[in-house]
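**Q** Just so it is clear, I am handing over protein-v3.txt, which has compact mmCIF, C-alpha atoms and all ligand atoms.
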# COMPACT_ATOMS: atom_id res chain seq x y z
CA MET A 142 1.74 -1.94 -14.01
CA PRO A 143 5.25 -0.64 -14.03
CA LEU A 144 8.37 -2.49 -13.02
CA THR A 145 10.70 -0.20 -11.09
CA VAL A 146 14.34 -1.25 -11.10
CA VAL A 147 16.09 0.64 -8.33
CA ASP A 148 18.95 2.60 -9.82
CA HIS A 149 21.19 3.60 -6.92
CA PRO A 150 24.94 3.25 -6.38
CA LEU A 151 24.54 1.70 -2.92
CA ALA A 152 22.02 -0.83 -4.24
CA ALA A 153 24.31 -1.72 -7.14
CA ASP A 154 27.27 -2.25 -4.79
CA LEU A 155 25.27 -4.41 -2.35
CA LEU A 156 23.71 -6.50 -5.13
CA THR A 157 27.07 -7.12 -6.79
CA ARG A 158 28.38 -8.51 -3.51
CA LEU A 159 25.26 -10.68 -3.19
CA ARG A 160 25.90 -12.08 -6.66
CA ASP A 161 29.52 -12.94 -5.80
CA LYS A 162 29.70 -16.73 -5.28
CA ARG A 163 32.37 -16.23 -2.59
CA THR A 164 29.87 -14.44 -0.32
CA GLY A 165 28.92 -16.75 2.55
CA PRO A 166 25.60 -16.88 4.45
CA ALA A 167 26.49 -14.43 7.24
CA GLU A 168 27.46 -11.68 4.83
CA PHE A 169 24.66 -12.66 2.44
CA ARG A 170 22.07 -12.07 5.19
CA SER A 171 23.56 -8.72 6.09
CA LEU A 172 23.73 -7.56 2.45
CA THR A 173 20.14 -8.68 1.87
CA ARG A 174 18.89 -6.71 4.85
CA ARG A 175 20.72 -3.54 3.74
CA LEU A 176 19.70 -3.82 0.09
CA GLY A 177 16.17 -4.65 1.26
CA ALA A 178 15.98 -1.29 3.05
CA ILE A 179 16.65 0.54 -0.22
CA LEU A 180 14.05 -1.56 -2.04
CA VAL A 181 11.46 -0.99 0.68
CA VAL A 182 11.99 2.77 0.62
CA GLU A 183 11.21 2.67 -3.12
CA ALA A 184 8.27 0.29 -2.68
CA THR A 185 6.61 2.58 -0.14
CA ARG A 186 7.23 5.84 -2.01
CA SER A 187 3.56 6.35 -2.99
CA LEU A 188 1.89 5.47 0.33
CA ALA A 189 -0.63 8.05 1.55
CA VAL A 190 0.18 10.33 4.45
CA THR A 191 -2.06 12.45 6.64
CA PRO A 192 -1.18 15.75 8.38
CA SER A 193 0.25 15.27 11.87
CA GLU A 194 0.56 18.12 14.36
CA VAL A 195 3.53 18.12 16.72
CA GLU A 196 5.30 20.73 18.84
CA THR A 197 9.01 21.13 18.16
CA PRO A 198 10.96 22.69 21.06
CA LEU A 199 10.46 26.00 19.23
CA GLU A 200 6.98 26.05 17.67
CA PRO A 201 4.05 23.96 16.38
CA PHE A 202 4.75 21.97 13.23
CA THR A 203 2.44 20.22 10.80
CA GLY A 204 4.19 17.12 9.55
CA SER A 205 3.02 13.80 8.14
CA ALA A 206 1.97 10.44 9.46
CA LEU A 207 1.53 7.32 7.39
CA ALA A 208 -2.19 7.08 6.61
CA VAL A 209 -2.28 3.36 5.97
CA ASP A 210 -1.24 0.29 7.94
CA LEU A 211 1.59 -1.70 6.41
CA VAL A 212 1.68 -5.49 6.27
CA ALA A 213 4.89 -7.25 5.22
CA ILE A 214 4.40 -10.73 3.80
CA PRO A 215 7.62 -12.68 3.25
CA VAL A 216 7.32 -15.74 1.02
CA LEU A 217 9.10 -18.57 2.90
CA ARG A 218 11.81 -19.15 3.05
CA ALA A 219 13.92 -16.74 1.04
CA GLY A 220 11.55 -13.80 1.61
CA LEU A 221 12.45 -13.88 5.31
CA GLY A 222 15.77 -12.31 4.34
CA LEU A 223 13.93 -9.09 3.44
CA LEU A 224 11.63 -8.94 6.45
CA ASP A 225 14.00 -7.15 8.86
CA ALA A 226 14.48 -4.43 6.26
CA VAL A 227 10.79 -3.54 6.59
CA THR A 228 10.50 -3.86 10.37
CA ASP A 229 13.76 -1.91 10.93
CA LEU A 230 12.39 0.97 8.87
CA TYR A 231 8.83 0.85 10.19
CA PRO A 232 8.47 -1.28 13.34
CA ASP A 233 4.67 -0.90 13.44
CA THR A 234 4.45 -3.09 10.34
CA MET A 235 2.26 -6.18 10.76
CA VAL A 236 3.64 -9.43 9.42
CA GLY A 237 1.99 -12.32 7.58
CA TYR A 238 3.67 -15.41 6.15
CA LEU A 239 3.19 -17.43 2.99
CA GLY A 240 5.04 -20.69 2.39
CA MET A 241 5.80 -21.51 -1.25
CA GLU A 242 8.23 -24.02 -2.64
CA ARG A 243 9.14 -24.48 -6.29
CA ASP A 244 9.18 -28.06 -7.54
CA GLU A 245 12.69 -28.73 -8.86
CA GLU A 246 11.41 -30.72 -11.86
CA THR A 247 8.26 -28.90 -12.97
CA HIS A 248 9.24 -25.47 -11.53
CA GLU A 249 5.62 -25.13 -10.39
CA PRO A 250 5.05 -23.60 -6.94
CA ARG A 251 3.49 -25.57 -4.10
CA ASP A 252 2.00 -23.62 -1.21
CA TYR A 253 2.48 -25.17 2.22
CA TYR A 254 1.71 -22.46 4.77
CA ALA A 255 -0.27 -19.26 5.13
CA LYS A 256 -0.93 -16.96 8.06
CA LEU A 257 -2.01 -13.42 7.26
CA PRO A 258 -3.49 -10.64 9.38
CA PRO A 259 -6.65 -9.03 7.96
CA LEU A 260 -5.59 -7.03 4.89
CA ALA A 261 -8.68 -4.89 4.16
CA GLY A 262 -7.72 -1.21 4.29
CA ARG A 263 -4.01 -2.07 4.58
CA HIS A 264 -1.08 -2.00 2.17
CA ALA A 265 0.70 -5.31 1.68
CA LEU A 266 4.36 -5.65 0.72
CA LEU A 267 4.96 -9.10 -0.73
CA LEU A 268 8.62 -9.99 -0.20
CA ASP A 269 10.25 -12.64 -2.40
CA PRO A 270 13.83 -12.04 -3.54
CA MET A 271 13.76 -14.01 -6.81
CA LEU A 272 11.12 -13.49 -9.52
CA ALA A 273 12.12 -16.25 -11.94
CA THR A 274 9.26 -17.95 -13.86
CA GLY A 275 6.90 -15.84 -11.77
CA GLY A 276 4.95 -18.93 -10.69
CA SER A 277 5.59 -18.41 -6.96
CA GLY A 278 5.14 -14.63 -7.12
CA SER A 279 1.91 -14.90 -9.05
CA ALA A 280 0.46 -17.59 -6.75
CA ALA A 281 1.47 -15.55 -3.69
CA ALA A 282 -0.11 -12.40 -5.16
CA THR A 283 -3.32 -14.31 -5.93
CA TYR A 284 -3.50 -15.48 -2.32
CA VAL A 285 -2.91 -11.97 -0.97
CA GLN A 286 -5.34 -10.30 -3.38
CA ALA A 287 -8.11 -12.65 -2.20
CA ALA A 288 -7.85 -10.86 1.18
CA GLN A 289 -8.54 -7.55 -0.60
CA PRO A 290 -5.73 -5.27 0.60
CA LEU A 291 -5.98 -1.57 -0.21
CA GLY A 292 -2.77 -1.98 -2.20
CA LEU A 293 -0.12 -4.59 -2.92
CA THR A 294 3.49 -4.12 -4.00
CA PHE A 295 5.84 -6.96 -4.94
CA VAL A 296 9.43 -6.51 -3.76
CA CYS A 297 12.25 -8.63 -5.17
CA VAL A 298 16.02 -8.50 -5.39
CA VAL A 299 16.40 -9.94 -8.92
CA ALA A 300 13.72 -10.30 -11.58
CA ALA A 301 13.82 -12.20 -14.87
CA PRO A 302 11.93 -10.88 -17.90
CA GLU A 303 9.85 -14.08 -17.89
CA GLY A 304 8.73 -13.48 -14.29
CA VAL A 305 7.90 -9.84 -14.90
CA GLU A 306 5.81 -10.84 -17.94
CA ARG A 307 3.96 -13.44 -15.89
CA MET A 308 3.21 -10.97 -13.11
CA GLU A 309 2.07 -8.33 -15.57
CA ALA A 310 -0.26 -10.84 -17.23
CA ASP A 311 -1.71 -12.28 -14.00
CA HIS A 312 -1.59 -9.18 -11.78
CA PRO A 313 -1.47 -6.09 -13.98
CA GLY A 314 -2.31 -3.82 -11.01
CA VAL A 315 0.59 -4.92 -8.84
CA PRO A 316 3.73 -2.78 -9.04
CA ILE A 317 7.05 -4.62 -8.88
CA VAL A 318 10.13 -3.10 -7.27
CA ALA A 319 13.36 -4.94 -8.10
CA GLY A 320 17.07 -4.49 -7.47
CA ALA A 321 17.85 -5.70 -11.00
CA LEU A 322 16.23 -7.03 -14.15
CA ASP A 323 18.48 -9.83 -15.35
CA ARG A 324 18.91 -11.32 -18.82
CA GLN A 325 16.87 -14.55 -18.82
CA LEU A 326 16.19 -17.93 -17.25
CA ASN A 327 18.46 -20.92 -17.91
CA GLU A 328 17.27 -24.48 -18.66
CA HIS A 329 16.68 -25.11 -14.93
CA ALA A 330 14.58 -21.94 -14.63
CA TYR A 331 17.34 -20.19 -12.67
CA ILE A 332 17.88 -16.51 -13.31
CA VAL A 333 21.10 -15.67 -15.19
CA PRO A 334 23.38 -14.04 -14.38
CA GLY A 335 21.40 -14.06 -11.12
CA LEU A 336 22.93 -15.05 -7.83
CA GLY A 337 22.00 -18.74 -7.53
CA ASP A 338 19.52 -20.20 -5.09
CA PHE A 339 18.65 -17.36 -2.75
CA GLY A 340 17.25 -19.51 0.08
CA ASP A 341 20.26 -21.84 0.04
CA ARG A 342 22.71 -18.95 0.08
CA LEU A 343 20.79 -17.14 2.84
CA TYR A 344 20.65 -20.19 5.09
CA GLY A 345 23.78 -22.11 4.06
CA THR A 346 21.80 -25.15 2.89
CA VAL A 347 23.76 -25.80 -0.31
C1 LIG A 401 12.62 -19.39 -4.75
C2 LIG A 401 12.34 -17.91 -4.58
C3 LIG A 401 10.95 -17.77 -5.13
C4 LIG A 401 10.94 -18.80 -6.24
C5 LIG A 401 11.09 -18.09 -7.54
O1 LIG A 401 12.04 -20.10 -3.73
O2 LIG A 401 12.47 -17.47 -3.27
O3 LIG A 401 9.95 -18.03 -4.17
O4 LIG A 401 12.04 -19.68 -6.02
O5 LIG A 401 10.92 -18.95 -8.60
P1 LIG A 401 9.69 -18.84 -9.62
O6 LIG A 401 9.54 -17.40 -9.95
O7 LIG A 401 10.13 -19.68 -10.79
O8 LIG A 401 8.48 -19.41 -8.93
P2 LIG A 401 12.26 -21.68 -3.55
O9 LIG A 401 11.15 -22.43 -4.22
O10 LIG A 401 13.64 -22.05 -3.96
O11 LIG A 401 12.04 -21.91 -2.01
P3 LIG A 401 12.89 -21.40 -0.74
O12 LIG A 401 12.63 -19.93 -0.63
O13 LIG A 401 12.28 -22.18 0.36
O14 LIG A 401 14.34 -21.71 -0.97
N1 LIG A 402 14.97 -19.28 -7.16
C1 LIG A 402 16.19 -18.85 -6.77
O1 LIG A 402 16.52 -18.83 -5.58
N2 LIG A 402 17.05 -18.45 -7.74
C2 LIG A 402 16.73 -18.45 -9.04
O2 LIG A 402 17.58 -18.06 -9.87
C3 LIG A 402 15.45 -18.91 -9.42
C4 LIG A 402 14.59 -19.31 -8.45
Mind converting the file's structure to structure tokens?
Ligand code: PRP
Ligand code: URA

**A**
Amino acid sequence: MPLTVVDHPLAADLLTRLRDKRTGPAEFRSLTRRLGAILVVEATRSLAVTPSEVETPLEPFTGSALAVDLVAIPVLRAGLGLLDAVTDLYPDTMVGYLGMERDEETHEPRDYYAKLPPLAGRHALLLDPMLATGGSGSAAATYVQAAQPLGLTFVCVVAAPEGVERMEADHPGVPIVAGALDRQLNEHAYIVPGLGDFGDRLYGTV
């Protein structure tokens, strides 16, 4: 399934400021929310719509209404930074949560929390800003797919080639929308050039 890297001047500007190590948590949160909106617009581009009749002040008009319920699923904690981007754009979005934490030594994900609304017949947006080894993203997608959503899209800020490969191997039907595809992982499985530890930068826990 294709990886879409959003190619947009506003996204490039916002992501460059996110990468800047001088950017503190308050600005980091604001940049994440604004970049997230651009990513979410791309991630929802193919959602089905149904005709919707309204009356303008001048005449009847046949427009569109979203034909599918949306469910945003941030992967705790860093994914929370992208959640407002979805609910700002489409407040009727339902929200589920998945807690995943990467072990610092093995880099394997550990899941510690899950609370999802029913997903059958709904489109799920899985929000996790960093797709590094792909271990967390793949485990999260496996959990979500077990609830049989109509569709699932993975939204991240920065992807590494290793993570994209892992997702394509484990979840070939899940499209990935990313703000950037970076060069590689370093020896600590951090994305380079990357932007560091997203959760720490978002919440000031360095
Ligand atoms: C980060 C990030 C992803 C994961 C990516 O979370 O938000 O969930 O690492 O790495 P992977 O692709 O190698 O699995 P982290 O484990 O640091 O937890 P946090 O969001 O609570 O900071
Ligand atoms: N998690 C992060 O927050 N950053 C990385 O570069 C890799 C995993």

**Q** Can you tell me which residues surround Pro302 (chain A) at a distance of at most 10 Å, considering all atoms listed in the file, apart from same-chain residues fewer than 6 positions away, and format the answer as a PyMOL selection string?

**A** chain A and resi 272-275+308+322-326+332

**Q** Work out how far atom C2 of ligand LIG 401 (chain A) is from CA of Pro316 (chain A), in Å to one decimal.

**A**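 That distance, rounded to one decimal, is 18.0 Å.
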
**Q** Which protein, DNA or RNA residues have an atom within 7 Å of ligand LIG 402 (chain A), counting only C-alpha atoms and all ligand atoms, as an NGL selection string?

**A** :A and (271-273 or 330-333 or 335-340)

**Q** Kindly give the distance, in Å, that separates CA of Asp225 (chain A) and CA of Glu306 (chain A), rounded to a single decimal.

**A**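 That distance, rounded to one decimal, is 28.3 Å.
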
**Q** Residues within 9 Å of ligand LIG 401 (chain A) (all atoms listed in the file), as an NGL selection string?

**A** :A and (216-221 or 240-245 or 248-251 or 268-281 or 300-301 or 303-304 or 330-332 or 338-344)

**Q** Name the residues in contact with Phe202 (chain A) at a cut-off of 10 Å, using only C-alpha atoms, excluding same-chain residues fewer than 5 positions from it; report them as a list in words.

**A**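 What passes the distance filter is Pro192, Ser193, Glu194, Val195, Glu196 and Thr197 of chain A.
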
**Q** With C-alpha atoms retained, write the just-selected residues as an mmCIF file, in the coordinates of the input.

**A**
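Saved to selection-v5.cif:
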data_model
loop_
_atom_site.group_PDB
_atom_site.id
_atom_site.type_symbol
_atom_site.label_atom_id
_atom_site.label_comp_id
_atom_site.auth_asym_id
_atom_site.auth_seq_id
_atom_site.Cartn_x
_atom_site.Cartn_y
_atom_site.Cartn_z
ATOM 1 C CA PRO A 192 -1.180 15.750 8.380
ATOM 2 C CA SER A 193 0.250 15.270 11.870
ATOM 3 C CA GLU A 194 0.560 18.120 14.360
ATOM 4 C CA VAL A 195 3.530 18.120 16.720
ATOM 5 C CA GLU A 196 5.300 20.730 18.840
ATOM 6 C CA THR A 197 9.010 21.130 18.160
#

**Q** Which residues, written as a list in words, have at least one atom at most 9 Å from Thr173 (chain A), with only C-alpha atoms counted and residues fewer than 2 positions away on the same chain left out?

**A**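 Near Thr173 (chain A), the qualifying residues are Leu155, Leu156, Leu159, Glu168, Phe169, Arg170, Ser171, Arg175, Leu176, Gly177, Ala178, Gly222, Leu223, Ala226, Pro270, Val298 and Leu343 of chain A.
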
**Q** With distances taken over all atoms listed in the file, which of A:Gly262, A:Asp148, A:Ala213, A:Val182 is nearest to Leu239 (chain A)?

**A** A:Ala213

**Q** Using all atoms listed in the file, which residue out of A:Ala167, A:Lys256, A:Lys162, A:Arg186 lies closest to Ala288 (chain A)?

**A** A:Lys256

**Q** May I ask which of the residues A:Ala255, A:Met235, A:Leu144, A:Val318 is the closest one to Ile179 (chain A), counting all atoms listed in the file?

**A** A:Val318

**Q** Please indicate the distance in Å from CA of Leu291 (chain A) to CA of Gly237 (chain A), rounded to one decimal place.

**A**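 So the two atoms, CA of Leu291 (chain A) and CA of Gly237 (chain A), lie 15.5 Å apart.
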
**Q** Between A:Pro166, A:Val299, A:Asp154, A:Tyr254, which one has atoms that come closest to Gly345 (chain A), using all atoms listed in the file?

**A**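 Checking each of A:Pro166, A:Val299, A:Asp154, A:Tyr254 against Gly345 (chain A), counting all atoms listed in the file, the winner is A:Pro166.
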
**Q** Residues around (20.5, 0.4, -8.1), cut-off 7 Å, counting all atoms listed in the file - what are they as a PyMOL selection string?

**A** chain A and resi 147-153+320

**Q** Could you check the closest approach to Pro215 (chain A) for each of A:Leu180, A:Val146, A:Leu172, A:Val296 and tell me which residue wins, using all atoms listed in the file?

**A**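 Distance minimum relative to Pro215 (chain A) lands on A:Val296.
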
**Q** From the list A:Ala261, A:Ile317, A:Ala310, A:Leu199, which residue is nearest Gln286 (chain A) when using all atoms listed in the file?

**A** A:Ala261

**Q** Show which residues sit within 10 Å of Gly314 (chain A), as a list of chain:residue names. Count only C-alpha atoms, and ignore same-chain residues fewer than 4 positions away.

**A** A:Met142, A:Pro143, A:Gly292, A:Leu293, A:Thr294, A:Met308, A:Glu309, A:Ala310
